[in-house]
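Q: Take this structure, written in structure tokens, and hold onto it; I'll ask about it next.
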Amino acid sequence: MNESIDTAFRREVLASCGASPEVADELLNHPGAMGAPMPDALPTLPLDDELHVEAWRAYEADAGRMGVLPALQRRFVQLRFPIREGMSQQDAYRAATRRGACEEAEAFAPGLVPHDPDGLALVVHPTWAGHVPVLSASDRRDFVSLVQAFTERNEPVRVPNSVGACMVAGLNNWDRIASYRAAWERDHEHDVPGNGWADEFRRLTQRKELYQDRLIILSRGAYSGVPAADFGLDEHDWLDRSLVIRREHECAHYLVFRLTGSVPHRVLDELVADCVGIVRAFGWYRPEVALRCLGLEHAPACRVGGRLEHYRGTPPLSDAAFTVLARVCARAIEQLAVVSQAWLSPLGRLDGVARFIYAVSRLSLEHLAGEKGIGPVVAS
């Protein structure tokens, strides 16, 4: 697409949503305005699994026998430490997580204690981006603790109530390193003594795919913290649908990551991922659910604490720019209702989901919000 024509169209859409030239400049230059470029064509689907998935299949099997937390505590030493202020600076914690000195965790037993251990579940979930480990918690407090342990080095960092899912990336897995070392030592048991494993370990650290994992953590609570009554649903029904929305939402992000090499953090990606999750949970796209879950039920006003606020950015968008962004999002959600009608049958299949995500994610938010911008997507 010609860049000047593309920018002119985006400015036109922003102006129609009340943006002055200065506000349009602010939005167009915002760090979250554009994502990493998509490949020119979709690769063969499904994509191959990432290397860590094989290990997680064993963890899933062990979780079925001994329980989720005991199975994961055997492999991830941070789960043997409690969530506590200053924990990441403890010498024992640093030795355990940075050097694999798991014995250092013994003084902190029993470590992480779940409120509902039976409410934890671990599955290796199939997607067209490859299988991905999904760890879910029925109790909100357990979800928060898992996020803090895996992403905040066991520090009690606040997790907003509107956040119920987390994709963990770059998770060092000392269990995989130990397995790699055991195999390497078997293959080199007759080598001349020397630095041996120390040299091999240095080589290993240059290949992160051999020791770093990726997984999705989900809460079973109401999606975006929105109560069931807001949609006229039974509480249990809404919780079941919320889990599906969260899972499929994160799997949509996972596909974009596999295609672009970066984890998306654009409002557009949120709208697309929500669309996929809502269709998979309800069988069709419900724009009122998308608006309410973003905090835009009274757009362009955004409810305090609404999820859209997480995309205000750093430095944050001005009030004027944020109001325009809310208007653009509301229009984009209306257009997604049109697009999803054209894709409704394919969205029921995983390959249709993948092609939908690929097609829409190549757009800008303004192209999705503008009626002329969605033509190529509907025609895909």
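Residues in the structure tokens are named by chain (A, B, ... in the order shown) and by number from 1 within that chain; ligands are numbered from 1 in the order shown.
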Find the spatial neighbours of A:Tyr311, counting only C-alpha atoms, within a cut-off of 8 Å - ignore same-chain residues fewer than 5 positions away - and output them as an NGL selection string.
A: :A and (32 or 265-267)
Q: Using only C-alpha atoms, find the one residue out of A:Leu255, A:Leu296, A:Ala149, A:Ala169 that sits nearest to A:Glu85.
A: A:Ala149
Q: Could you pull out all residues of stretch 60-116 of chain A with a DSSP call of alpha helix (DSSP H) and give them as number ranges by chain?
A: A: 60-66, 68-73, 91-99
Q: Have a look at atom CA of A:Pro117 and atom CA of A:Val53 and let me know their distance in Å, one decimal.
A: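 Straight-line distance from atom CA of A:Pro117 to atom CA of A:Val53 works out to 23.4 Å.
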Q: Would you work out the distance separating atom CA of A:Val77 from atom CA of A:Cys102, expressed in Å to one decimal?
A: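 Atom-to-atom, atom CA of A:Val77 and atom CA of A:Cys102 are spaced 6.1 Å apart.
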Q: Nearest to A:Arg11: which of A:Ala290, A:Leu259, A:Leu28, A:Ile216 is it, counting only C-alpha atoms?
A: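 Looking at the shortest contact to A:Arg11, the residue is A:Leu28.
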Q: Extract, using only C-alpha atoms, all DNA, RNA and protein residues at most 7 Å from A:Ser136, discarding same-chain residues fewer than 5 positions from it, and format them as a PyMOL selection string.
A: chain A and resi 120-122+217-220
Q: Using only C-alpha atoms, which residues sit within 9 Å of A:Ser145 once same-chain residues fewer than 3 positions away are excluded, as a list in words?
A: Pro82, Ile83, Leu112, Pro114, Arg140, Arg141, Asp142, Gln148, Ala149, Phe150, Asn154 and Pro156 of chain A
Q: When you look at A:Ser88 with a cut-off of 9 Å (counting only C-alpha atoms), what residues show up, excluding the ones that are within fewer than 6 positions of it in the same chain? I need them as a list in words.
A: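 Near neighbours after the sequence-gap exclusion: Arg94, Glu152, Arg153, Asn154 and Glu155 of chain A.
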Q: Keeping N, CA and C atoms for every residue in the selection just given, could you write it to a file as a PDB file, in the first residue's frame?
A:
ATOM      1  N   ARG A  94      17.795 -15.466  44.045  1.00  0.00           N
ATOM      2  CA  ARG A  94      18.623 -15.185  42.879  1.00  0.00           C
ATOM      3  C   ARG A  94      19.438 -16.417  42.483  1.00  0.00           C
ATOM      4  N   GLU A 152       6.890 -11.422  37.648  1.00  0.00           N
ATOM      5  CA  GLU A 152       7.323 -10.330  38.521  1.00  0.00           C
ATOM      6  C   GLU A 152       8.315 -10.790  39.582  1.00  0.00           C
ATOM      7  N   ARG A 153       8.951 -11.962  39.344  1.00  0.00           N
ATOM      8  CA  ARG A 153       9.994 -12.485  40.239  1.00  0.00           C
ATOM      9  C   ARG A 153       9.518 -12.565  41.691  1.00  0.00           C
ATOM     10  N   ASN A 154       8.273 -13.018  41.857  1.00  0.00           N
ATOM     11  CA  ASN A 154       7.666 -13.262  43.172  1.00  0.00           C
ATOM     12  C   ASN A 154       7.468 -11.996  44.000  1.00  0.00           C
ATOM     13  N   GLU A 155       7.475 -10.854  43.338  1.00  0.00           N
ATOM     14  CA  GLU A 155       7.162  -9.594  44.015  1.00  0.00           C
ATOM     15  C   GLU A 155       5.653  -9.344  43.948  1.00  0.00           C
TER      16      GLU A 155
END
Q: From the set A:Ser340, A:Ser179, A:Thr44, A:Thr7, which residue has the shortest atom-to-atom contact distance to A:Asn29, counting only C-alpha atoms?
A: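 Closest candidate: A:Thr7.
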Q: What does the distance from atom CA of A:Leu51 to atom CA of A:Arg75 come to in Å, to one decimal?
A: 16.2 Å
Q: So which residues touch A:Arg57 within 12 Å, counting only C-alpha atoms, skipping near sequence neighbours fewer than 4 positions away, as a VMD selection string?
A: chain A and resid 49 51 to 53 61 to 64 71 to 72 122 to 126 131 to 134
Q: Just list the residues in stretch 148-202 of chain A DSSP gives strand (DSSP E or B) on the backbone, as a ChimeraX atom specification.
A: /A:165-172
Q: So that I can see what lies close to A:Phe231, please list as a PyMOL selection string the residues with an atom at most 10 Å from it, counting only C-alpha atoms and leaving out residues fewer than 3 positions away in the same chain.
A: chain A and resi 226-228+234+238+288-289+292
Q: Take the residues just selected and output them with C-alpha atoms as a compact mmCIF listing (two decimals), in the first residue's frame.
A:
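Heads up, here's the output in part_5.txt:
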# COMPACT_ATOMS: atom_id res chain seq x y z
CA VAL A 226 -17.67 -7.45 33.82
CA PRO A 227 -20.50 -9.14 35.77
CA ALA A 228 -22.80 -11.66 34.10
CA ASP A 234 -26.28 -16.88 34.24
CA TRP A 238 -20.67 -16.30 31.78
CA GLU A 288 -22.00 -4.90 22.84
CA VAL A 289 -19.82 -7.44 24.65
CA ARG A 292 -18.48 -3.30 27.54
Q: When you count only C-alpha atoms, which of these residues is closest to A:His236: A:Val304, A:Ser138, A:Glu50, A:Arg286?
A: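 When distances to A:His236 are compared using only C-alpha atoms, the smallest one comes from A:Ser138.
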